[in-house]
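Peer 1: What follows is run00.cif, mmCIF, C-alpha atoms.
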```cif
data_work
loop_
_atom_site.label_atom_id
_atom_site.label_comp_id
_atom_site.auth_asym_id
_atom_site.auth_seq_id
_atom_site.Cartn_x
_atom_site.Cartn_y
_atom_site.Cartn_z
CA MET D 1 82.87 12.45 95.38
CA ASP D 2 79.40 13.79 94.46
CA GLU D 3 76.82 15.11 96.94
CA ASP D 4 74.93 11.82 97.26
CA GLU D 5 78.13 9.86 97.92
CA ALA D 6 79.13 12.34 100.60
CA LEU D 7 75.73 12.07 102.23
CA LEU D 8 75.96 8.29 102.20
CA GLN D 9 79.04 8.07 104.40
CA PHE D 10 77.63 5.82 107.08
CA ILE D 11 78.42 5.31 110.74
CA PRO D 12 81.36 3.14 111.84
CA MET D 13 80.66 -0.60 112.24
CA LYS D 14 81.14 -0.44 115.98
CA THR D 15 78.31 2.11 116.28
CA SER D 16 74.70 0.92 116.11
CA LEU D 17 72.27 2.54 113.65
CA ASP D 18 70.16 3.96 116.46
CA GLU D 19 73.25 5.45 118.12
CA GLY D 20 74.37 6.85 114.80
CA ARG D 21 71.04 8.54 114.23
CA GLN D 22 71.11 10.04 117.70
CA ARG D 23 74.59 11.45 117.05
CA GLY D 24 73.53 12.83 113.65
CA MET D 25 76.03 10.61 111.78
CA TYR D 26 73.49 9.42 109.18
CA MET D 27 72.04 11.79 106.63
CA HIS D 28 69.37 10.97 104.08
CA PRO D 29 70.42 11.65 100.44
CA ARG D 30 69.13 14.98 99.15
CA THR D 31 68.08 13.40 95.83
CA VAL D 32 66.42 9.99 95.52
CA VAL D 33 64.41 8.15 92.90
CA TYR D 34 60.82 6.92 93.27
CA LEU D 35 60.49 3.90 90.95
CA GLU D 36 57.00 2.39 90.76
CA HIS D 37 55.79 -0.48 88.60
CA ASP D 38 52.16 -1.65 88.92
CA GLY D 39 51.95 -1.05 92.66
CA LYS D 40 55.51 -2.13 93.49
CA LEU D 41 58.21 0.24 94.81
CA LEU D 42 61.97 -0.10 95.02
CA LEU D 43 63.25 0.57 98.55
CA VAL D 44 66.77 0.11 99.88
CA ASP D 45 68.35 0.25 103.33
CA GLU D 46 70.69 2.95 104.62
CA GLY D 47 73.60 1.39 102.78
CA GLY D 48 71.75 1.36 99.46
CA ILE D 49 71.19 -2.41 99.57
CA GLY D 50 67.90 -3.71 98.22
CA PRO D 51 65.27 -4.44 97.24
CA LYS D 52 63.80 -4.32 100.72
CA ASP D 53 60.27 -5.28 101.71
CA CYS D 54 58.06 -3.36 104.14
CA ILE D 55 56.44 -4.95 107.16
CA MET D 56 52.99 -3.56 107.93
CA GLY D 57 52.67 -2.41 111.53
CA ARG D 58 56.41 -2.51 112.26
CA GLN D 59 57.39 0.05 114.90
CA SER D 60 61.02 -0.78 115.65
CA GLY D 61 63.86 1.33 114.31
CA ASP D 62 66.41 -1.40 113.63
CA VAL D 63 66.61 -0.45 109.95
CA MET D 64 65.75 2.60 107.88
CA LEU D 65 64.31 2.07 104.41
CA ARG D 66 64.41 4.77 101.74
CA PHE D 67 64.30 5.35 98.01
CA PRO D 68 67.58 4.69 96.15
CA THR D 69 69.82 7.33 94.62
CA THR D 70 70.46 7.56 90.88
CA LYS D 71 73.92 6.07 91.43
CA GLU D 72 72.49 3.09 93.30
CA ILE D 73 69.95 2.45 90.52
CA GLU D 74 72.77 2.63 87.99
CA ASP D 75 74.75 0.10 90.02
CA TYR D 76 71.76 -2.26 89.97
CA GLY D 77 71.55 -1.88 86.19
CA ILE D 78 67.90 -0.83 86.19
CA PRO D 79 66.86 1.16 83.08
CA TRP D 80 64.29 3.83 83.83
CA VAL D 81 62.70 7.00 82.44
CA GLU D 82 62.22 10.18 84.46
CA GLU D 83 58.67 11.55 84.60
CA ARG D 84 58.71 14.45 87.05
CA GLN D 85 60.27 15.75 90.26
CA THR D 86 58.78 16.48 93.66
CA ASP D 87 60.14 18.65 96.48
CA VAL D 88 59.67 17.30 100.00
CA ARG D 89 60.57 19.58 102.94
CA PHE D 90 61.42 18.39 106.44
CA ASP D 91 63.14 20.26 109.28
CA GLY D 92 64.17 23.13 107.03
CA GLU D 93 65.74 20.83 104.45
CA THR D 94 64.50 20.20 100.91
CA TYR D 95 64.75 16.74 99.36
CA THR D 96 64.21 16.10 95.66
CA VAL D 97 62.26 12.98 94.73
CA ILE D 98 62.61 12.03 91.07
CA HIS D 99 59.60 10.00 89.90
CA GLY D 100 60.48 7.45 87.25
CA THR D 101 59.16 4.45 85.38
CA PRO D 102 61.43 1.37 85.32
CA SER D 103 61.80 -0.34 81.93
CA ILE D 104 61.72 -3.86 83.34
CA ASP D 105 59.35 -6.78 83.85
CA TRP D 106 57.07 -6.64 86.88
CA PRO D 107 59.43 -6.56 89.92
CA GLU D 108 57.95 -9.29 92.09
CA HIS D 109 60.49 -8.82 94.89
CA TRP D 110 59.95 -5.06 95.36
CA THR D 111 57.64 -3.93 98.15
CA TRP D 112 53.96 -3.16 97.69
CA LYS D 113 53.21 0.56 97.68
CA ASP D 114 50.27 0.04 100.03
CA LYS D 115 52.55 -1.34 102.76
CA VAL D 116 54.78 1.74 103.01
CA VAL D 117 52.49 3.95 105.11
CA SER D 118 52.22 1.49 108.02
CA ASP D 119 55.93 0.65 108.39
CA ASN D 120 57.75 3.02 110.76
CA CYS D 121 61.09 1.90 109.36
CA VAL D 122 60.37 3.72 106.10
CA HIS D 123 61.98 7.17 106.00
CA PRO D 124 59.48 10.10 106.12
CA VAL D 125 60.64 11.32 102.70
CA ALA D 126 59.46 8.08 101.09
CA ARG D 127 56.25 7.94 103.08
CA GLU D 128 55.40 11.55 102.18
CA ALA D 129 56.13 10.95 98.49
CA VAL D 130 53.85 7.92 98.45
CA TYR D 131 51.10 9.89 100.21
CA ARG D 132 51.34 12.69 97.64
CA SER D 133 51.15 10.22 94.75
CA ILE D 134 47.58 9.25 95.68
CA HIS D 135 45.00 11.02 93.49
CA ARG D 136 42.63 13.48 95.15
CA LEU D 137 39.12 13.01 93.72
CA VAL D 138 36.90 16.06 93.23
CA SER D 139 33.30 16.19 92.02
CA LYS D 140 31.77 19.45 90.71
CA VAL D 141 28.75 20.59 88.75
CA MET D 142 27.89 23.20 86.13
CA ILE D 143 24.38 24.31 87.15
CA ARG D 144 22.39 25.95 84.35
CA ASN D 145 18.95 27.57 84.28
CA ASP D 146 16.53 27.96 81.38
CA LEU D 147 18.44 31.07 80.27
CA ASN D 148 21.61 28.93 80.01
CA GLN D 149 23.27 30.94 82.76
CA ILE D 150 25.85 29.26 84.99
CA LEU D 151 25.57 29.32 88.79
CA MET D 152 28.92 30.03 90.47
CA ALA D 153 30.00 30.55 94.06
CA LYS D 154 32.76 32.66 95.63
CA VAL D 155 34.59 30.69 98.33
CA GLU D 156 35.81 32.01 101.67
CA ARG D 157 38.56 29.49 102.37
CA GLY D 158 41.12 27.28 100.69
CA PHE D 159 43.40 27.82 97.72
CA PHE D 160 40.77 29.74 95.70
CA LYS D 161 39.63 32.00 98.52
CA GLY D 162 37.93 35.12 97.16
CA TYR D 163 37.51 33.68 93.65
CA TRP D 164 34.56 32.31 91.69
CA GLY D 165 34.16 28.61 91.04
CA LEU D 166 31.70 25.83 90.38
CA PRO D 167 29.94 24.17 93.33
CA GLY D 168 31.54 20.92 94.47
CA GLY D 169 34.44 19.53 96.42
CA TYR D 170 36.19 16.41 97.65
CA MET D 171 34.35 13.11 97.27
CA ASN D 172 33.64 11.01 100.34
CA HIS D 173 35.02 7.48 100.53
CA SER D 174 32.85 4.99 98.56
CA GLU D 175 30.82 7.89 97.11
CA GLU D 176 29.99 7.97 93.41
CA PRO D 177 31.15 11.19 91.67
CA ALA D 178 27.58 11.96 90.59
CA GLU D 179 26.47 11.71 94.21
CA GLY D 180 29.33 13.85 95.48
CA CYS D 181 28.52 16.98 93.48
CA VAL D 182 24.83 16.80 94.43
CA ARG D 183 25.74 16.47 98.11
CA GLU D 184 28.31 19.28 97.93
CA THR D 185 25.82 21.61 96.22
CA GLN D 186 23.24 20.95 98.90
CA GLU D 187 25.82 21.58 101.64
CA GLU D 188 27.28 24.73 100.05
CA LEU D 189 24.18 26.35 98.53
CA GLY D 190 21.27 24.67 100.29
CA ILE D 191 19.57 23.41 97.13
CA VAL D 192 18.90 20.02 95.55
CA ILE D 193 19.76 19.86 91.85
CA ASN D 194 18.97 17.43 89.05
CA LEU D 195 21.85 16.14 86.95
CA GLU D 196 21.57 15.91 83.19
CA GLU D 197 22.41 12.69 81.33
CA ARG D 198 25.38 14.34 79.67
CA LYS D 199 28.65 12.59 80.54
CA PRO D 200 30.93 14.37 83.00
CA VAL D 201 34.07 16.24 81.97
CA ILE D 202 36.99 14.37 83.54
CA THR D 203 40.26 16.25 83.95
CA GLN D 204 43.53 15.57 85.77
CA ARG D 205 46.22 18.03 86.81
CA SER D 206 49.27 17.85 89.06
CA PHE D 207 51.05 20.50 91.08
CA PHE D 208 54.36 19.13 89.87
CA ARG D 209 56.89 20.36 92.43
CA ASP D 210 54.54 19.38 95.28
CA GLY D 211 53.61 16.13 93.57
CA VAL D 212 49.89 16.42 94.36
CA SER D 213 47.50 15.17 91.69
CA PHE D 214 43.81 16.01 91.35
CA VAL D 215 41.17 14.24 89.25
CA SER D 216 37.96 16.19 88.72
CA PHE D 217 34.55 14.91 87.57
CA THR D 218 32.37 17.83 86.46
CA TYR D 219 28.70 17.19 85.68
CA CYS D 220 25.89 19.25 84.16
CA GLY D 221 22.85 20.07 86.26
CA ARG D 222 19.64 22.09 86.16
CA TRP D 223 18.08 24.51 88.63
CA ASN D 224 15.82 27.50 87.95
CA GLY D 225 15.62 29.25 91.30
CA SER D 226 16.80 32.71 92.26
CA ILE D 227 19.92 33.70 94.20
CA GLU D 228 17.69 34.76 97.10
CA GLU D 229 16.59 31.14 97.56
CA LEU D 230 20.12 29.93 98.25
CA LYS D 231 21.36 29.19 101.77
CA LEU D 232 25.11 29.83 101.56
CA LYS D 233 27.21 27.73 103.88
CA GLU D 234 28.61 29.98 106.58
CA GLY D 235 32.39 30.23 106.64
CA GLU D 236 32.77 28.56 103.25
CA ILE D 237 30.69 30.38 100.61
CA GLU D 238 30.83 34.17 100.49
CA ASP D 239 28.57 34.84 97.51
CA ALA D 240 26.77 33.24 94.56
CA ALA D 241 25.69 34.61 91.19
CA TRP D 242 24.46 33.67 87.72
CA PHE D 243 26.91 34.19 84.83
CA HIS D 244 26.60 33.92 81.08
CA LEU D 245 28.88 31.20 79.75
CA ASP D 246 31.61 33.53 78.48
CA GLU D 247 31.57 35.41 81.80
CA ALA D 248 31.74 32.16 83.76
CA ILE D 249 34.79 31.03 81.77
CA ALA D 250 36.48 34.39 82.30
CA ASN D 251 35.83 34.33 86.07
CA ALA D 252 36.69 30.67 86.74
CA ALA D 253 39.84 30.61 88.88
CA SER D 254 40.28 26.83 88.70
CA GLU D 255 41.62 25.27 85.53
CA PHE D 256 39.30 22.32 86.15
CA ASP D 257 36.29 24.65 86.09
CA ARG D 258 37.48 26.52 83.02
CA LEU D 259 38.04 23.35 80.98
CA ALA D 260 34.64 21.99 81.97
CA LEU D 261 32.87 25.24 81.11
CA GLU D 262 34.63 25.42 77.74
CA SER D 263 33.14 22.04 76.88
CA LEU D 264 29.71 23.71 76.82
CA GLN D 265 30.83 25.81 73.85
CA ASP D 266 30.78 22.74 71.58
#
```
Before anything else, please render the file you have as structure tokens.
Peer 2:
Amino acid sequence: MDEDEALLQFIPMKTSLDEGRQRGMYMHPRTVVYLEHDGKLLLVDEGGIGPKDCIMGRQSGDVMLRFPTTKEIEDYGIPWVEERQTDVRFDGETYTVIHGTPSIDWPEHWTWKDKVVSDNCVHPVAREAVYRSIHRLVSKVMIRNDLNQILMAKVERGFFKGYWGLPGGYMNHSEEPAEGCVRETQEELGIVINLEERKPVITQRSFFRDGVSFVSFTYCGRWNGSIEELKLKEGEIEDAAWFHLDEAIANAASEFDRLALESLQD
């Protein structure tokens, strides 16, 4: 008996699912598979029976829906290709979510991905994996002056605290990327910039074990003021400085920034 089979030993028939959960008799498999096909997900119940559909707004705990195990997918005869793996941690335990692409026609009877978040019967591992699969959109700008220097800022918080980067940040809902970087620059540095007509550099990267994906739109802009004119956002921006292109590339902590800056070498 492998680990998943051992973890899928369910409660006796005479015991209700809620009672079983309270007594700790049900354990979620440590490794499950996230199969997605054009917005549809494969979910099963605690016994591995599926496909199961989500009900938006459901709050009862009569059933518990989860991703299937590799053995359950094999039993269903679904061919699929592994893409990556994500680690999800809850209550001191680590669960591995294998992301895969099913080699089948569009699965009409699977549940819609958008319904998962609002159904309380979906296990937190599945809900967290779906949440992490949503792209984070970032808009940034390479601000140059007439000397072709690059304006960079040193941040005081976040993942790149204490490092140099390009002005910008998360886009607001319904905000165009070109609007986002202008707004962020005004908030962070207190200046209004003009964007050039040059197309943005679009890059995508994932933190694979965490399963978080970022898409960055980096534009080119112009501004010819001095550092003394800037109004650095308190608590967020520690410093700002002009760099020559090679220096900016060398100091860029973010891979998004580095790739965008390297495009100016063409």
Peer 1: Per residue of region 140-235 of chain D within 10 Å of region 124-129 of chain D, which atom pair is closest and at what distance in Å (one decimal), using only C-alpha atoms, listed by chain and increasing number, as a tab-separated table?
Peer 2:
```
residue	atom	partner	partner_atom	distance
D:Asp210	CA	D:Ala129	CA	9.2
D:Gly211	CA	D:Ala129	CA	7.6
D:Val212	CA	D:Ala129	CA	9.3
```
Peer 1: Which one is closest to Cys121 (chain D): D:Glu262, D:Glu184, D:Glu82, D:Asp45? Count all atoms listed in the file.
Peer 2: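 Closest to Cys121 (chain D) of all the choices is D:Asp45.
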Peer 1: Grab the CA of Ile55 (chain D) to CA of His99 (chain D) distance for me, in Å with one decimal place.
Peer 2: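 Computing the Euclidean distance for CA of Ile55 (chain D) and CA of His99 (chain D) yields 23.1 Å.
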Peer 1: Quick one: of D:Phe90, D:Phe67, D:Gln85, D:Ser213, who's nearest to Arg136 (chain D), counting only C-alpha atoms?
Peer 2: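 For Arg136 (chain D), the nearest of the given residues is D:Ser213.
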Peer 1: With all atoms listed in the file as the counted atoms, please give the residues lying no more than 12 Å from Gly100 (chain D), apart from itself and same-chain residues fewer than 6 positions off, as number ranges by chain.
Peer 2: D: 32-37, 41-42, 67-70, 73, 78-86
Peer 1: Using all atoms listed in the file, give me every residue within 9 Å of (22.0, 27.8, 103.5) in file coordinates, as a PyMOL selection string.
Peer 2: chain D and resi 186-191+229-234
Peer 1: Would you work out the distance separating CA of Gln204 (chain D) from CA of Tyr219 (chain D), expressed in Å to one decimal?
Peer 2: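 The value is 14.9 Å.
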Peer 1: Quick one: distance from CA of Ile49 (chain D) to CA of Gly92 (chain D) in Å, one decimal?
Peer 2: 27.5 Å
Peer 1: Pick from D:Arg205, D:Lys40, D:Arg198, D:His28: nearest to Trp112 (chain D), with only C-alpha atoms counted?
Peer 2: D:Lys40
Peer 1: When you look at Phe217 (chain D) with a cut-off of 6 Å (counting all atoms listed in the file), what residues show up, excluding the ones that are within fewer than 3 positions of it in the same chain? I need them as a PyMOL selection string.
Peer 2: chain D and resi 139+200-202
Peer 1: Can you pull out the residues contacting Ala253 (chain D)? Cut-off 7 Å, using all atoms listed in the file, and skip same-chain residues under 4 positions away; I want them as a short mmCIF file (atom, residue, chain, number, x, y, z; two decimals) with C-alpha atoms, keeping the file's coordinate frame.
Peer 2:
```cif
data_model
loop_
_atom_site.label_atom_id
_atom_site.label_comp_id
_atom_site.auth_asym_id
_atom_site.auth_seq_id
_atom_site.Cartn_x
_atom_site.Cartn_y
_atom_site.Cartn_z
CA PHE D 160 40.77 29.74 95.70
CA TYR D 163 37.51 33.68 93.65
CA TRP D 164 34.56 32.31 91.69
CA GLY D 165 34.16 28.61 91.04
#
```
Peer 1: Here is a test: counting all atoms listed in the file, which residue of D:Asp146, D:Thr218, D:Leu195, D:Arg66 is nearest to Gly47 (chain D)?
Peer 2: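 Looking at the shortest contact to Gly47 (chain D), the residue is D:Arg66.
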Peer 1: Return the single residue from D:Val215, D:Met142, D:Ala252, D:Val122 that is closest to Asp62 (chain D), with distances computed using only C-alpha atoms.
Peer 2: D:Val122
Peer 1: Env of Ala241 (chain D): 7 Å cut, atoms = only C-alpha atoms, seq-sep filter 4 positions within chain, self excluded. Answer as a PyMOL selection string.
Peer 2: chain D and resi 151-153+227
Peer 1: Can you spit out the residues from that selection as a PDB file, keeping the file's coordinate frame, using C-alpha atoms?
Peer 2:
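Generated file (result32.pdb):
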```
ATOM      1  CA  LEU D 151      25.570  29.320  88.790  1.00  0.00           C
ATOM      2  CA  MET D 152      28.920  30.030  90.470  1.00  0.00           C
ATOM      3  CA  ALA D 153      30.000  30.550  94.060  1.00  0.00           C
ATOM      4  CA  ILE D 227      19.920  33.700  94.200  1.00  0.00           C
TER       5      ILE D 227
END
```
Peer 1: Can you work out which one of D:Met171, D:His109, D:Thr94, D:Ser103 has the shortest atom-to-atom distance to His135 (chain D), counting only C-alpha atoms?
Peer 2: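 Residue with the minimum atom-to-atom distance to His135 (chain D): D:Met171.
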Peer 1: Using the chain letters and residue numbers of this document, give as a VMD selection string the residues selected by the PyMOL selection byres ((chain D and resi 261) around 12).
Peer 2: chain D and resid 140 to 144 148 to 152 165 to 166 200 to 203 218 to 220 243 to 260 262 to 266
Peer 1: Would you kindly return, as a PyMOL selection string, each protein, DNA or RNA residue with an atom no farther than 8 Å from any atom of Asn145 (chain D), considering all atoms listed in the file and excluding same-chain residues fewer than 5 positions away?
Peer 2: chain D and resi 150+222-225
Peer 1: Would you mind completing region 52-68 of chain D so that it carries N, CA and C atoms, and writing it out as a PDB file, keeping the file's coordinate frame?
Peer 2:
```
ATOM      1  N   LYS D  52      64.246  -4.020  99.383  1.00  0.00           N
ATOM      2  CA  LYS D  52      63.800  -4.320 100.720  1.00  0.00           C
ATOM      3  C   LYS D  52      62.268  -4.301 100.779  1.00  0.00           C
ATOM      4  N   ASP D  53      61.713  -5.197 101.569  1.00  0.00           N
ATOM      5  CA  ASP D  53      60.270  -5.280 101.710  1.00  0.00           C
ATOM      6  C   ASP D  53      59.824  -4.562 102.981  1.00  0.00           C
ATOM      7  N   CYS D  54      58.632  -3.990 102.949  1.00  0.00           N
ATOM      8  CA  CYS D  54      58.060  -3.360 104.140  1.00  0.00           C
ATOM      9  C   CYS D  54      57.310  -4.400 104.962  1.00  0.00           C
ATOM     10  N   ILE D  55      57.207  -4.117 106.252  1.00  0.00           N
ATOM     11  CA  ILE D  55      56.440  -4.950 107.160  1.00  0.00           C
ATOM     12  C   ILE D  55      55.347  -4.083 107.764  1.00  0.00           C
ATOM     13  N   MET D  56      54.106  -4.379 107.438  1.00  0.00           N
ATOM     14  CA  MET D  56      52.990  -3.560 107.930  1.00  0.00           C
ATOM     15  C   MET D  56      52.898  -3.641 109.442  1.00  0.00           C
ATOM     16  N   GLY D  57      52.784  -2.473 110.080  1.00  0.00           N
ATOM     17  CA  GLY D  57      52.670  -2.410 111.530  1.00  0.00           C
ATOM     18  C   GLY D  57      53.988  -2.418 112.277  1.00  0.00           C
ATOM     19  N   ARG D  58      55.108  -2.488 111.581  1.00  0.00           N
ATOM     20  CA  ARG D  58      56.410  -2.510 112.260  1.00  0.00           C
ATOM     21  C   ARG D  58      56.688  -1.154 112.907  1.00  0.00           C
ATOM     22  N   GLN D  59      57.126  -1.174 114.161  1.00  0.00           N
ATOM     23  CA  GLN D  59      57.390   0.050 114.900  1.00  0.00           C
ATOM     24  C   GLN D  59      58.848   0.191 115.326  1.00  0.00           C
ATOM     25  N   SER D  60      59.614  -0.851 115.241  1.00  0.00           N
ATOM     26  CA  SER D  60      61.020  -0.780 115.650  1.00  0.00           C
ATOM     27  C   SER D  60      61.828   0.063 114.682  1.00  0.00           C
ATOM     28  N   GLY D  61      62.998   0.503 115.150  1.00  0.00           N
ATOM     29  CA  GLY D  61      63.860   1.330 114.310  1.00  0.00           C
ATOM     30  C   GLY D  61      65.176   0.657 113.998  1.00  0.00           C
ATOM     31  N   ASP D  62      65.172  -0.671 113.859  1.00  0.00           N
ATOM     32  CA  ASP D  62      66.410  -1.400 113.630  1.00  0.00           C
ATOM     33  C   ASP D  62      67.008  -1.089 112.266  1.00  0.00           C
ATOM     34  N   VAL D  63      66.150  -0.793 111.296  1.00  0.00           N
ATOM     35  CA  VAL D  63      66.610  -0.450 109.950  1.00  0.00           C
ATOM     36  C   VAL D  63      65.911   0.821 109.508  1.00  0.00           C
ATOM     37  N   MET D  64      66.416   1.448 108.469  1.00  0.00           N
ATOM     38  CA  MET D  64      65.750   2.600 107.880  1.00  0.00           C
ATOM     39  C   MET D  64      65.703   2.384 106.378  1.00  0.00           C
ATOM     40  N   LEU D  65      64.500   2.308 105.833  1.00  0.00           N
ATOM     41  CA  LEU D  65      64.310   2.070 104.410  1.00  0.00           C
ATOM     42  C   LEU D  65      64.027   3.393 103.710  1.00  0.00           C
ATOM     43  N   ARG D  66      64.545   3.529 102.507  1.00  0.00           N
ATOM     44  CA  ARG D  66      64.410   4.770 101.740  1.00  0.00           C
ATOM     45  C   ARG D  66      64.395   4.445 100.261  1.00  0.00           C
ATOM     46  N   PHE D  67      64.151   5.487  99.444  1.00  0.00           N
ATOM     47  CA  PHE D  67      64.300   5.350  98.010  1.00  0.00           C
ATOM     48  C   PHE D  67      65.788   5.340  97.655  1.00  0.00           C
ATOM     49  N   PRO D  68      66.161   4.692  96.561  1.00  0.00           N
ATOM     50  CA  PRO D  68      67.580   4.690  96.150  1.00  0.00           C
ATOM     51  C   PRO D  68      67.981   5.984  95.474  1.00  0.00           C
TER      52      PRO D  68
END
```
